[in-house]
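Read through the structure below, which is laid out as C-alpha cells, and then see the notes.
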Amino acid sequence: MTATCGQDKLVVIGQGYVGLPIAMRAVETGFSVVGIDLDASRVQSLREARSYVADVPDHELAAALEGGRYLPSQSYLDAKDFTAAIIAVPTPLTRGTPDLSFVESAATAIAPHIRRDSLVVLESTTYPGTTEELLVPLLEEGSELVAGVDFAVGYSPERIDPGNVRWTLANTPKVISGVNESSLRAVEALYARLVSTTVPMSSTKEAEFTKLLENTFRHVNIALVNEITLFARQLGVDVWKVIDAASTKPFGYMRFTPGPGVGGHCLPVDPTYLSWRVRHELHRPFRFVELANEINDTMPDHVVKRICAALSRRGKDLADSVVVLLGLAYKANTGDVRGSPALRIAELLVTLGARIEVVDSHVEHHRCPPGVKPIELSEDALRLADIVVLLADHDDVDYPLVERVADCVLDTRHRLTAAHVEYL
C-alpha cells in the first residue's frame with residue numbers, strides 16, 4: 001500500500017466549522033474536493049457561495065466553486081474514486097452519553113467507495129479506541145477490504161479555533177496517527193500538504209487521548225477560575241485585578257478568565273467523553289471532570305441571579321423587565337452557538353418572564369431561542385433596556401455607545417471599563 005499525491009480527490013464529510021475550513025484549505029493546496037453534508041440548506045448555501053462559517057469568507061468559497069475544485073453535495077455517489085476522505089462530523093452527547101451515530105453513518109456511507117490505496121481519516125473528537133474499535137470494522141465490512149493492508153486508516157484530532165486569526169488550520173501543529181506504520185505514512189502525506197507542522201503519534205488511541213487532554217485541561221482550569229470568581233466577590237476581592245497580577249508571572253502560571261459558562265462543541269463535551277470512557281472501562285469516576293462540569297454548568301444560573309439582583313436594587317422585577325443580551329455565540333467573533341451558555345441564560349430569563357432582546361450580528365436569527373428577539377444595537381434599544389448583559393464580546397459591538405447610554409450593565413467578559421458597569 002502506498003500513499004498517492006498529485007491531482008487527488010479529497011472527500012470531506014461534514015461541512016461545518018471543522019469540515020468547511022479543511023475543504024477550502026485542501027482546494028488551496030491543489031486537491032479536488034467533494035464536501036459532503038446531509039443538511040440540504042447548508043449544501044444549497046455552499047453552492048450559492050454563501051458561507052455560514054465565519055472563518056470561510058464568501059469570496060473564498062466563490063473562488064473554490066469557480067475554479068471547479070470544490071463540489072458541495074448531499075450524495076455519497078460523488079465520493080466515487082476518492083483518494084482520501086476526512087470524517088469531520090459532530091460527536092455530541094445524548095443524555096450524557098457519547099453519541100457516535102454521525103461517525104457510524106459516515107463510515108457506513110463512505111465504505112463502499114473505498115478502493116485499494118484509499119485513505120480514511122477521522123477528525124471528530126471521541127474517546128480513545130474509537131478508530132480501531134468502531135471505525136475500522138465499519139470500513140472493512142462496507143469495503144470488503146482490510147484496513148492497514150488494502151487501505152489506510154488514521155486519526156487526527158481537529159484543532160480549529162473559530163474566529164482565531166493568529167492560529168489557523170494551516171499553521172497550527174497537527175497531531176496525526178495511523179492504525180499501523182503504512183497508514184501513518186499515508187496520513188502524513190495528506191496533512192503535509194494541508195498544514196505546516198505534523199506531530200506523529202505511535203497509535204490512534206494516543207492521538208484520540210491527546211485531544212481529550214487538551215480540552216480537559218481547559219475545562220478544568222476554566223472551572224477553577226469560575227469558582228474563584230464566585231468566592232472572590234464574596235470576599236470583596238476584584239478577581240480581574242488578581243488575574244492580571246498573576247499573569248505577570250513568566251513561569252508556572254497560565255491565564256484563564258471567568259465567564260458565563262463554557263460552550264462550543266469541545267467544552268464540556270470532550271472532557272465528558274473521557275470521563276465516560278473511564279467509568280465505562282475502568283469503573284471509576286473522573287472526579288476532576290465531573291466537578292468541573294458541575295461548576296461550569298451552574299455559571300448561567302449564577303449570571304441570572306446577578307441579573308435579578310441588579311434589577312432588584314433598582315426596584316425592578318425581572319418579570320417586568322427588558323433585558324438586552326450582547327452576544328448569543330459561545331465566544332467572541334464567531335456565530336457558533338453550539339452549547340453556548342448564552343442560550344441557557346436566555347431560556348432561563350424567558351422562563352422567568354423577562355422580555356429578551358439579543359444583539360449578535362454573527363448569529364443567524366433562526367438560532368435564537370423561542371421568545372428571544374434579535375435586534376440591532378441602537379441608542380433607543382439601550383435606553384429602553386432595564387439591564388444590558390454582555391455575554392460574548394464581539395469586536396463589532398459599539399461598546400462606547402453601550403457605556404454612554406446603558407445605565408445598568410452586567411459584563412461577564414470584562415470588556416467594558418465604565419465605572420457603573422458590574423462584572424461577573
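By convention in this document, the chains of the C-alpha cells carry letters A, B, ... by their order, each chain's residues are numbered from 1, and ligands are numbered from 1 in the order they are shown.
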
Helix (DSSP H, G or I) per DSSP on the backbone: members of stretch 151-334 of chain A, as a ChimeraX atom specification: /A:181-191,204-234,239-246,269-282,287-297,299-313,318-320

Long-range neighbours of stretch 269-273 of chain A as a PDB file with all heavy atoms, in the first residue's frame, 9 Å cut-off, only C-alpha atoms, 3 positions minimum in chain:
```pdb
ATOM      1  N   THR A  91     -19.884  14.866  17.190  1.00  0.00           N
ATOM      2  CA  THR A  91     -19.923  13.769  18.155  1.00  0.00           C
ATOM      3  C   THR A  91     -20.505  14.322  19.458  1.00  0.00           C
ATOM      4  O   THR A  91     -19.778  14.581  20.420  1.00  0.00           O
ATOM      5  CB  THR A  91     -18.513  13.188  18.401  1.00  0.00           C
ATOM      6  OG1 THR A  91     -17.588  14.267  18.629  1.00  0.00           O
ATOM      7  CG2 THR A  91     -18.049  12.377  17.216  1.00  0.00           C
ATOM      8  N   PRO A  92     -21.808  14.534  19.488  1.00  0.00           N
ATOM      9  CA  PRO A  92     -22.440  15.169  20.646  1.00  0.00           C
ATOM     10  C   PRO A  92     -22.622  14.198  21.811  1.00  0.00           C
ATOM     11  O   PRO A  92     -22.271  13.011  21.734  1.00  0.00           O
ATOM     12  CB  PRO A  92     -23.791  15.606  20.092  1.00  0.00           C
ATOM     13  CG  PRO A  92     -24.096  14.576  19.056  1.00  0.00           C
ATOM     14  CD  PRO A  92     -22.775  14.218  18.427  1.00  0.00           C
ATOM     15  N   LEU A  93     -23.161  14.734  22.877  1.00  0.00           N
ATOM     16  CA  LEU A  93     -23.611  13.910  23.996  1.00  0.00           C
ATOM     17  C   LEU A  93     -25.125  13.779  23.906  1.00  0.00           C
ATOM     18  O   LEU A  93     -25.824  14.751  23.645  1.00  0.00           O
ATOM     19  CB  LEU A  93     -23.239  14.552  25.331  1.00  0.00           C
ATOM     20  CG  LEU A  93     -21.761  14.635  25.676  1.00  0.00           C
ATOM     21  CD1 LEU A  93     -21.563  15.498  26.910  1.00  0.00           C
ATOM     22  CD2 LEU A  93     -21.173  13.247  25.904  1.00  0.00           C
ATOM     23  N   GLY A  96     -26.066  12.605  28.251  1.00  0.00           N
ATOM     24  CA  GLY A  96     -24.814  12.438  28.977  1.00  0.00           C
ATOM     25  C   GLY A  96     -23.920  11.323  28.472  1.00  0.00           C
ATOM     26  O   GLY A  96     -22.862  11.066  29.059  1.00  0.00           O
ATOM     27  N   THR A  97     -24.307  10.687  27.375  1.00  0.00           N
ATOM     28  CA  THR A  97     -23.546   9.563  26.825  1.00  0.00           C
ATOM     29  C   THR A  97     -23.027   9.920  25.433  1.00  0.00           C
ATOM     30  O   THR A  97     -23.742  10.530  24.646  1.00  0.00           O
ATOM     31  CB  THR A  97     -24.433   8.304  26.736  1.00  0.00           C
ATOM     32  OG1 THR A  97     -24.902   7.973  28.048  1.00  0.00           O
ATOM     33  CG2 THR A  97     -23.656   7.122  26.174  1.00  0.00           C
ATOM     34  N   PRO A  98     -21.763   9.539  25.112  1.00  0.00           N
ATOM     35  CA  PRO A  98     -21.235   9.813  23.777  1.00  0.00           C
ATOM     36  C   PRO A  98     -22.139   9.273  22.680  1.00  0.00           C
ATOM     37  O   PRO A  98     -22.584   8.118  22.735  1.00  0.00           O
ATOM     38  CB  PRO A  98     -19.883   9.090  23.782  1.00  0.00           C
ATOM     39  CG  PRO A  98     -19.466   9.100  25.217  1.00  0.00           C
ATOM     40  CD  PRO A  98     -20.751   8.926  25.993  1.00  0.00           C
ATOM     41  N   THR A 125     -13.871  14.522  17.412  1.00  0.00           N
ATOM     42  CA  THR A 125     -13.425  14.242  18.769  1.00  0.00           C
ATOM     43  C   THR A 125     -14.176  13.047  19.338  1.00  0.00           C
ATOM     44  O   THR A 125     -15.394  12.943  19.202  1.00  0.00           O
ATOM     45  CB  THR A 125     -13.654  15.461  19.669  1.00  0.00           C
ATOM     46  OG1 THR A 125     -12.962  16.570  19.109  1.00  0.00           O
ATOM     47  CG2 THR A 125     -13.164  15.206  21.076  1.00  0.00           C
ATOM     48  N   THR A 126     -13.444  12.151  19.992  1.00  0.00           N
ATOM     49  CA  THR A 126     -14.074  10.953  20.529  1.00  0.00           C
ATOM     50  C   THR A 126     -13.193  10.339  21.605  1.00  0.00           C
ATOM     51  O   THR A 126     -12.102  10.841  21.908  1.00  0.00           O
ATOM     52  CB  THR A 126     -14.348   9.950  19.405  1.00  0.00           C
ATOM     53  OG1 THR A 126     -15.090   8.854  19.934  1.00  0.00           O
ATOM     54  CG2 THR A 126     -13.055   9.448  18.772  1.00  0.00           C
ATOM     55  N   TYR A 127     -13.644   9.261  22.199  1.00  0.00           N
ATOM     56  CA  TYR A 127     -12.877   8.623  23.264  1.00  0.00           C
ATOM     57  C   TYR A 127     -11.806   7.690  22.684  1.00  0.00           C
ATOM     58  O   TYR A 127     -11.914   7.226  21.541  1.00  0.00           O
ATOM     59  CB  TYR A 127     -13.796   7.858  24.206  1.00  0.00           C
ATOM     60  CG  TYR A 127     -14.695   6.842  23.548  1.00  0.00           C
ATOM     61  CD1 TYR A 127     -14.204   5.609  23.107  1.00  0.00           C
ATOM     62  CD2 TYR A 127     -16.044   7.101  23.358  1.00  0.00           C
ATOM     63  CE1 TYR A 127     -15.023   4.677  22.501  1.00  0.00           C
ATOM     64  CE2 TYR A 127     -16.877   6.169  22.755  1.00  0.00           C
ATOM     65  CZ  TYR A 127     -16.360   4.959  22.335  1.00  0.00           C
ATOM     66  OH  TYR A 127     -17.167   4.034  21.734  1.00  0.00           O
ATOM     67  N   LYS A 211      -6.404  14.870  22.187  1.00  0.00           N
ATOM     68  CA  LYS A 211      -7.459  15.865  22.047  1.00  0.00           C
ATOM     69  C   LYS A 211      -8.245  16.031  23.348  1.00  0.00           C
ATOM     70  O   LYS A 211      -8.568  17.152  23.769  1.00  0.00           O
ATOM     71  CB  LYS A 211      -8.400  15.457  20.917  1.00  0.00           C
ATOM     72  CG  LYS A 211      -9.641  16.322  20.763  1.00  0.00           C
ATOM     73  CD  LYS A 211      -9.313  17.740  20.355  1.00  0.00           C
ATOM     74  CE  LYS A 211     -10.573  18.514  20.040  1.00  0.00           C
ATOM     75  NZ  LYS A 211     -10.303  19.909  19.664  1.00  0.00           N
ATOM     76  N   LEU A 212      -8.535  14.925  23.997  1.00  0.00           N
ATOM     77  CA  LEU A 212      -9.296  14.994  25.241  1.00  0.00           C
ATOM     78  C   LEU A 212      -8.499  15.648  26.353  1.00  0.00           C
ATOM     79  O   LEU A 212      -9.049  16.388  27.171  1.00  0.00           O
ATOM     80  CB  LEU A 212      -9.744  13.588  25.645  1.00  0.00           C
ATOM     81  CG  LEU A 212     -10.654  12.870  24.651  1.00  0.00           C
ATOM     82  CD1 LEU A 212     -11.097  11.525  25.212  1.00  0.00           C
ATOM     83  CD2 LEU A 212     -11.872  13.714  24.307  1.00  0.00           C
ATOM     84  N   LEU A 213      -7.184  15.386  26.389  1.00  0.00           N
ATOM     85  CA  LEU A 213      -6.342  16.042  27.394  1.00  0.00           C
ATOM     86  C   LEU A 213      -6.327  17.551  27.183  1.00  0.00           C
ATOM     87  O   LEU A 213      -6.461  18.324  28.143  1.00  0.00           O
ATOM     88  CB  LEU A 213      -4.914  15.495  27.338  1.00  0.00           C
ATOM     89  CG  LEU A 213      -3.890  16.233  28.221  1.00  0.00           C
ATOM     90  CD1 LEU A 213      -4.298  16.193  29.686  1.00  0.00           C
ATOM     91  CD2 LEU A 213      -2.494  15.649  28.025  1.00  0.00           C
ATOM     92  N   ASN A 215      -8.522  19.578  25.891  1.00  0.00           N
ATOM     93  CA  ASN A 215      -9.751  20.267  26.264  1.00  0.00           C
ATOM     94  C   ASN A 215     -10.163  20.022  27.714  1.00  0.00           C
ATOM     95  O   ASN A 215     -10.828  20.868  28.318  1.00  0.00           O
ATOM     96  CB  ASN A 215     -10.876  19.882  25.305  1.00  0.00           C
ATOM     97  CG  ASN A 215     -10.697  20.561  23.964  1.00  0.00           C
ATOM     98  OD1 ASN A 215     -10.112  21.630  23.877  1.00  0.00           O
ATOM     99  ND2 ASN A 215     -11.183  19.944  22.915  1.00  0.00           N
ATOM    100  N   THR A 216      -9.755  18.899  28.274  1.00  0.00           N
ATOM    101  CA  THR A 216      -9.990  18.697  29.702  1.00  0.00           C
ATOM    102  C   THR A 216      -9.162  19.685  30.508  1.00  0.00           C
ATOM    103  O   THR A 216      -9.617  20.228  31.520  1.00  0.00           O
ATOM    104  CB  THR A 216      -9.657  17.252  30.107  1.00  0.00           C
ATOM    105  OG1 THR A 216     -10.494  16.353  29.368  1.00  0.00           O
ATOM    106  CG2 THR A 216      -9.880  17.030  31.594  1.00  0.00           C
ATOM    107  N   PHE A 217      -7.948  19.933  30.075  1.00  0.00           N
ATOM    108  CA  PHE A 217      -7.077  20.932  30.716  1.00  0.00           C
ATOM    109  C   PHE A 217      -7.759  22.299  30.726  1.00  0.00           C
ATOM    110  O   PHE A 217      -7.812  22.981  31.760  1.00  0.00           O
ATOM    111  CB  PHE A 217      -5.748  21.008  29.956  1.00  0.00           C
ATOM    112  CG  PHE A 217      -4.822  22.095  30.433  1.00  0.00           C
ATOM    113  CD1 PHE A 217      -4.016  21.902  31.543  1.00  0.00           C
ATOM    114  CD2 PHE A 217      -4.758  23.309  29.764  1.00  0.00           C
ATOM    115  CE1 PHE A 217      -3.161  22.908  31.988  1.00  0.00           C
ATOM    116  CE2 PHE A 217      -3.905  24.315  30.194  1.00  0.00           C
ATOM    117  CZ  PHE A 217      -3.107  24.110  31.308  1.00  0.00           C
ATOM    118  N   HIS A 219     -11.008  22.924  30.313  1.00  0.00           N
ATOM    119  CA  HIS A 219     -12.277  22.850  31.038  1.00  0.00           C
ATOM    120  C   HIS A 219     -12.060  22.954  32.554  1.00  0.00           C
ATOM    121  O   HIS A 219     -12.759  23.704  33.244  1.00  0.00           O
ATOM    122  CB  HIS A 219     -12.953  21.522  30.686  1.00  0.00           C
ATOM    123  CG  HIS A 219     -14.344  21.378  31.206  1.00  0.00           C
ATOM    124  ND1 HIS A 219     -15.315  22.330  31.008  1.00  0.00           N
ATOM    125  CD2 HIS A 219     -14.942  20.376  31.917  1.00  0.00           C
ATOM    126  CE1 HIS A 219     -16.451  21.933  31.560  1.00  0.00           C
ATOM    127  NE2 HIS A 219     -16.248  20.749  32.127  1.00  0.00           N
ATOM    128  N   VAL A 220     -11.098  22.215  33.060  1.00  0.00           N
ATOM    129  CA  VAL A 220     -10.830  22.203  34.497  1.00  0.00           C
ATOM    130  C   VAL A 220     -10.315  23.553  34.966  1.00  0.00           C
ATOM    131  O   VAL A 220     -10.719  24.055  36.026  1.00  0.00           O
ATOM    132  CB  VAL A 220      -9.840  21.072  34.837  1.00  0.00           C
ATOM    133  CG1 VAL A 220      -9.327  21.214  36.270  1.00  0.00           C
ATOM    134  CG2 VAL A 220     -10.493  19.704  34.649  1.00  0.00           C
ATOM    135  N   GLY A 263     -18.897  26.709  26.254  1.00  0.00           N
ATOM    136  CA  GLY A 263     -19.709  26.314  25.112  1.00  0.00           C
ATOM    137  C   GLY A 263     -18.854  25.835  23.968  1.00  0.00           C
ATOM    138  O   GLY A 263     -17.665  25.567  24.123  1.00  0.00           O
ATOM    139  N   GLY A 264     -19.471  25.749  22.805  1.00  0.00           N
ATOM    140  CA  GLY A 264     -18.786  25.188  21.649  1.00  0.00           C
ATOM    141  C   GLY A 264     -18.938  23.679  21.662  1.00  0.00           C
ATOM    142  O   GLY A 264     -19.507  23.084  22.587  1.00  0.00           O
ATOM    143  N   HIS A 265     -18.414  23.036  20.632  1.00  0.00           N
ATOM    144  CA  HIS A 265     -18.503  21.574  20.602  1.00  0.00           C
ATOM    145  C   HIS A 265     -17.543  20.949  21.605  1.00  0.00           C
ATOM    146  O   HIS A 265     -17.826  19.914  22.195  1.00  0.00           O
ATOM    147  CB  HIS A 265     -18.181  21.047  19.201  1.00  0.00           C
ATOM    148  CG  HIS A 265     -18.052  19.548  19.174  1.00  0.00           C
ATOM    149  ND1 HIS A 265     -19.129  18.709  19.382  1.00  0.00           N
ATOM    150  CD2 HIS A 265     -16.974  18.740  19.023  1.00  0.00           C
ATOM    151  CE1 HIS A 265     -18.718  17.453  19.341  1.00  0.00           C
ATOM    152  NE2 HIS A 265     -17.423  17.445  19.126  1.00  0.00           N
ATOM    153  N   CYS A 266     -16.404  21.592  21.838  1.00  0.00           N
ATOM    154  CA  CYS A 266     -15.347  20.956  22.633  1.00  0.00           C
ATOM    155  C   CYS A 266     -15.638  20.942  24.132  1.00  0.00           C
ATOM    156  O   CYS A 266     -15.405  19.946  24.801  1.00  0.00           O
ATOM    157  CB  CYS A 266     -14.018  21.658  22.371  1.00  0.00           C
ATOM    158  SG  CYS A 266     -13.400  21.436  20.692  1.00  0.00           S
ATOM    159  N   TRP A 276     -16.639   9.513  30.574  1.00  0.00           N
ATOM    160  CA  TRP A 276     -17.487   8.363  30.261  1.00  0.00           C
ATOM    161  C   TRP A 276     -16.656   7.119  30.002  1.00  0.00           C
ATOM    162  O   TRP A 276     -16.970   6.026  30.489  1.00  0.00           O
ATOM    163  CB  TRP A 276     -18.345   8.674  29.040  1.00  0.00           C
ATOM    164  CG  TRP A 276     -19.234   7.541  28.624  1.00  0.00           C
ATOM    165  CD1 TRP A 276     -20.493   7.253  29.057  1.00  0.00           C
ATOM    166  CD2 TRP A 276     -18.897   6.500  27.676  1.00  0.00           C
ATOM    167  NE1 TRP A 276     -20.975   6.116  28.451  1.00  0.00           N
ATOM    168  CE2 TRP A 276     -20.028   5.634  27.603  1.00  0.00           C
ATOM    169  CE3 TRP A 276     -17.768   6.226  26.890  1.00  0.00           C
ATOM    170  CZ2 TRP A 276     -20.036   4.518  26.767  1.00  0.00           C
ATOM    171  CZ3 TRP A 276     -17.781   5.109  26.067  1.00  0.00           C
ATOM    172  CH2 TRP A 276     -18.905   4.271  26.001  1.00  0.00           C
ATOM    173  N   ARG A 277     -15.571   7.281  29.244  1.00  0.00           N
ATOM    174  CA  ARG A 277     -14.719   6.131  28.914  1.00  0.00           C
ATOM    175  C   ARG A 277     -14.065   5.548  30.168  1.00  0.00           C
ATOM    176  O   ARG A 277     -13.971   4.322  30.324  1.00  0.00           O
ATOM    177  CB  ARG A 277     -13.642   6.551  27.915  1.00  0.00           C
ATOM    178  CG  ARG A 277     -12.785   5.415  27.367  1.00  0.00           C
ATOM    179  CD  ARG A 277     -13.618   4.423  26.562  1.00  0.00           C
ATOM    180  NE  ARG A 277     -12.775   3.553  25.757  1.00  0.00           N
ATOM    181  CZ  ARG A 277     -13.218   2.556  25.009  1.00  0.00           C
ATOM    182  NH1 ARG A 277     -14.513   2.318  24.963  1.00  0.00           N
ATOM    183  NH2 ARG A 277     -12.389   1.807  24.297  1.00  0.00           N
ATOM    184  N   VAL A 278     -13.624   6.430  31.061  1.00  0.00           N
ATOM    185  CA  VAL A 278     -13.002   5.970  32.301  1.00  0.00           C
ATOM    186  C   VAL A 278     -14.010   5.169  33.133  1.00  0.00           C
ATOM    187  O   VAL A 278     -13.698   4.099  33.659  1.00  0.00           O
ATOM    188  CB  VAL A 278     -12.451   7.166  33.105  1.00  0.00           C
ATOM    189  CG1 VAL A 278     -12.042   6.733  34.513  1.00  0.00           C
ATOM    190  CG2 VAL A 278     -11.248   7.777  32.388  1.00  0.00           C
ATOM    191  N   VAL A 289     -13.101  16.057  36.170  1.00  0.00           N
ATOM    192  CA  VAL A 289     -14.020  16.412  35.084  1.00  0.00           C
ATOM    193  C   VAL A 289     -15.425  16.599  35.614  1.00  0.00           C
ATOM    194  O   VAL A 289     -16.124  17.569  35.255  1.00  0.00           O
ATOM    195  CB  VAL A 289     -14.003  15.332  33.984  1.00  0.00           C
ATOM    196  CG1 VAL A 289     -15.128  15.569  32.984  1.00  0.00           C
ATOM    197  CG2 VAL A 289     -12.654  15.335  33.264  1.00  0.00           C
ATOM    198  N   GLU A 290     -15.861  15.713  36.462  1.00  0.00           N
ATOM    199  CA  GLU A 290     -17.224  15.797  36.974  1.00  0.00           C
ATOM    200  C   GLU A 290     -17.426  17.050  37.821  1.00  0.00           C
ATOM    201  O   GLU A 290     -18.474  17.702  37.759  1.00  0.00           O
ATOM    202  CB  GLU A 290     -17.554  14.526  37.753  1.00  0.00           C
ATOM    203  CG  GLU A 290     -17.633  13.303  36.822  1.00  0.00           C
ATOM    204  CD  GLU A 290     -17.769  11.985  37.564  1.00  0.00           C
ATOM    205  OE1 GLU A 290     -17.920  12.015  38.809  1.00  0.00           O
ATOM    206  OE2 GLU A 290     -17.726  10.936  36.905  1.00  0.00           O
ATOM    207  N   ASN A 293     -17.513  20.016  35.394  1.00  0.00           N
ATOM    208  CA  ASN A 293     -18.835  20.087  34.767  1.00  0.00           C
ATOM    209  C   ASN A 293     -19.839  20.754  35.691  1.00  0.00           C
ATOM    210  O   ASN A 293     -20.623  21.616  35.270  1.00  0.00           O
ATOM    211  CB  ASN A 293     -19.330  18.679  34.425  1.00  0.00           C
ATOM    212  CG  ASN A 293     -18.676  18.096  33.195  1.00  0.00           C
ATOM    213  OD1 ASN A 293     -18.094  18.820  32.392  1.00  0.00           O
ATOM    214  ND2 ASN A 293     -18.762  16.788  33.050  1.00  0.00           N
ATOM    215  N   GLY A 339     -23.815  24.738  22.272  1.00  0.00           N
ATOM    216  CA  GLY A 339     -23.561  24.677  23.704  1.00  0.00           C
ATOM    217  C   GLY A 339     -23.343  26.022  24.366  1.00  0.00           C
ATOM    218  O   GLY A 339     -22.847  26.082  25.493  1.00  0.00           O
TER     219      GLY A 339
END
```

Among the residues of stretch 162-204 of chain A, find those DSSP assigns to strand (DSSP E) from the backbone and print them as a PyMOL selection string. chain A and resi 174-178+198-200

Put those residues in a file: N, CA, C and O atoms, as a PDB file, in the first residue's frame.
```
ATOM      1  N   LYS A 174      -0.408  19.797  13.747  1.00  0.00           N
ATOM      2  CA  LYS A 174      -1.482  18.805  13.566  1.00  0.00           C
ATOM      3  C   LYS A 174      -1.037  17.440  14.081  1.00  0.00           C
ATOM      4  O   LYS A 174      -0.077  16.838  13.580  1.00  0.00           O
ATOM      5  N   VAL A 175      -1.703  16.951  15.114  1.00  0.00           N
ATOM      6  CA  VAL A 175      -1.443  15.608  15.617  1.00  0.00           C
ATOM      7  C   VAL A 175      -2.001  14.596  14.620  1.00  0.00           C
ATOM      8  O   VAL A 175      -3.146  14.728  14.170  1.00  0.00           O
ATOM      9  N   ILE A 176      -1.199  13.602  14.266  1.00  0.00           N
ATOM     10  CA  ILE A 176      -1.625  12.597  13.293  1.00  0.00           C
ATOM     11  C   ILE A 176      -1.296  11.197  13.811  1.00  0.00           C
ATOM     12  O   ILE A 176      -0.384  11.016  14.622  1.00  0.00           O
ATOM     13  N   SER A 177      -2.046  10.211  13.304  1.00  0.00           N
ATOM     14  CA  SER A 177      -1.786   8.827  13.698  1.00  0.00           C
ATOM     15  C   SER A 177      -2.378   7.898  12.644  1.00  0.00           C
ATOM     16  O   SER A 177      -3.198   8.311  11.823  1.00  0.00           O
ATOM     17  N   GLY A 178      -1.941   6.640  12.682  1.00  0.00           N
ATOM     18  CA  GLY A 178      -2.470   5.626  11.780  1.00  0.00           C
ATOM     19  C   GLY A 178      -2.632   4.317  12.518  1.00  0.00           C
ATOM     20  O   GLY A 178      -2.044   4.108  13.584  1.00  0.00           O
ATOM     21  N   THR A 198       3.366  18.639  11.340  1.00  0.00           N
ATOM     22  CA  THR A 198       2.620  17.477  11.804  1.00  0.00           C
ATOM     23  C   THR A 198       3.312  16.897  13.035  1.00  0.00           C
ATOM     24  O   THR A 198       4.526  16.978  13.179  1.00  0.00           O
ATOM     25  N   VAL A 199       2.517  16.282  13.909  1.00  0.00           N
ATOM     26  CA  VAL A 199       3.032  15.677  15.144  1.00  0.00           C
ATOM     27  C   VAL A 199       2.602  14.215  15.141  1.00  0.00           C
ATOM     28  O   VAL A 199       1.494  13.878  15.581  1.00  0.00           O
ATOM     29  N   PRO A 200       3.451  13.310  14.646  1.00  0.00           N
ATOM     30  CA  PRO A 200       3.066  11.899  14.548  1.00  0.00           C
ATOM     31  C   PRO A 200       2.969  11.237  15.926  1.00  0.00           C
ATOM     32  O   PRO A 200       3.782  11.487  16.808  1.00  0.00           O
TER      33      PRO A 200
END
```

Sort by chain and increasing residue number a table of all residues of stretch 110-213 of chain A within 10 Å of stretch 13-35 of chain A, each with its closest pair of atoms and their distance in Å to one decimal, counting only C-alpha atoms, and write it as a tab-separated table.
```
residue	atom	partner	partner_atom	distance
A:Ile110	CA	A:Ile13	CA	8.9
A:Leu122	CA	A:Ile13	CA	9.6
A:Glu123	CA	A:Val18	CA	8.7
A:Ser124	CA	A:Val18	CA	8.9
A:Glu158	CA	A:Val18	CA	7.0
A:Arg159	CA	A:Val18	CA	8.4
A:Ile160	CA	A:Val18	CA	6.3
A:Asp161	CA	A:Tyr17	CA	8.9
A:Pro162	CA	A:Tyr17	CA	7.1
A:Thr168	CA	A:Pro21	CA	9.3
A:Leu169	CA	A:Ile22	CA	7.4
A:Ala170	CA	A:Arg25	CA	7.6
A:Leu190	CA	A:Ala26	CA	9.6
A:Tyr191	CA	A:Ala26	CA	9.5
A:Arg193	CA	A:Thr29	CA	6.5
A:Leu194	CA	A:Ala26	CA	6.3
A:Val195	CA	A:Arg25	CA	8.9
```

For A:Pro128, work out the shell of residues within 9 Å, counting only C-alpha atoms and skipping chain neighbours fewer than 2 positions away, then give it as a ChimeraX atom specification. /A:126,130-131,204-209,212,274,277

Emit the selected residues as a PDB file, in the first residue's frame, including C-alpha atoms.
```
ATOM      1  CA  THR A 126     -14.074  10.953  20.529  1.00  0.00           C
ATOM      2  CA  THR A 130     -12.963   4.666  18.592  1.00  0.00           C
ATOM      3  CA  THR A 131     -10.867   4.472  15.411  1.00  0.00           C
ATOM      4  CA  THR A 204      -4.633   6.204  17.195  1.00  0.00           C
ATOM      5  CA  LYS A 205      -5.541   5.800  20.877  1.00  0.00           C
ATOM      6  CA  GLU A 206      -2.799   8.231  21.862  1.00  0.00           C
ATOM      7  CA  ALA A 207      -3.980  10.760  19.278  1.00  0.00           C
ATOM      8  CA  GLU A 208      -7.583  10.409  20.460  1.00  0.00           C
ATOM      9  CA  PHE A 209      -6.484  10.866  24.062  1.00  0.00           C
ATOM     10  CA  LEU A 212      -9.296  14.994  25.241  1.00  0.00           C
ATOM     11  CA  LEU A 274     -13.059  10.974  28.605  1.00  0.00           C
ATOM     12  CA  ARG A 277     -14.719   6.131  28.914  1.00  0.00           C
TER      13      ARG A 277
END
```

For A:Glu403: contacts at 8 Å, only C-alpha atoms, fewer than 4 positions along chain excluded, given as a ChimeraX atom specification: /A:399,407,416-418,421

Extract, using only C-alpha atoms, all DNA, RNA and protein residues at most 12 Å from A:Ser182, discarding same-chain residues fewer than 6 positions from it, and format them as a PyMOL selection string. chain A and resi 1-3+117-119+147-154+188-189+202

Please indicate the distance in Å from atom CA of A:Asp320 to atom CA of A:His365, rounded to one decimal place. 24.3 Å
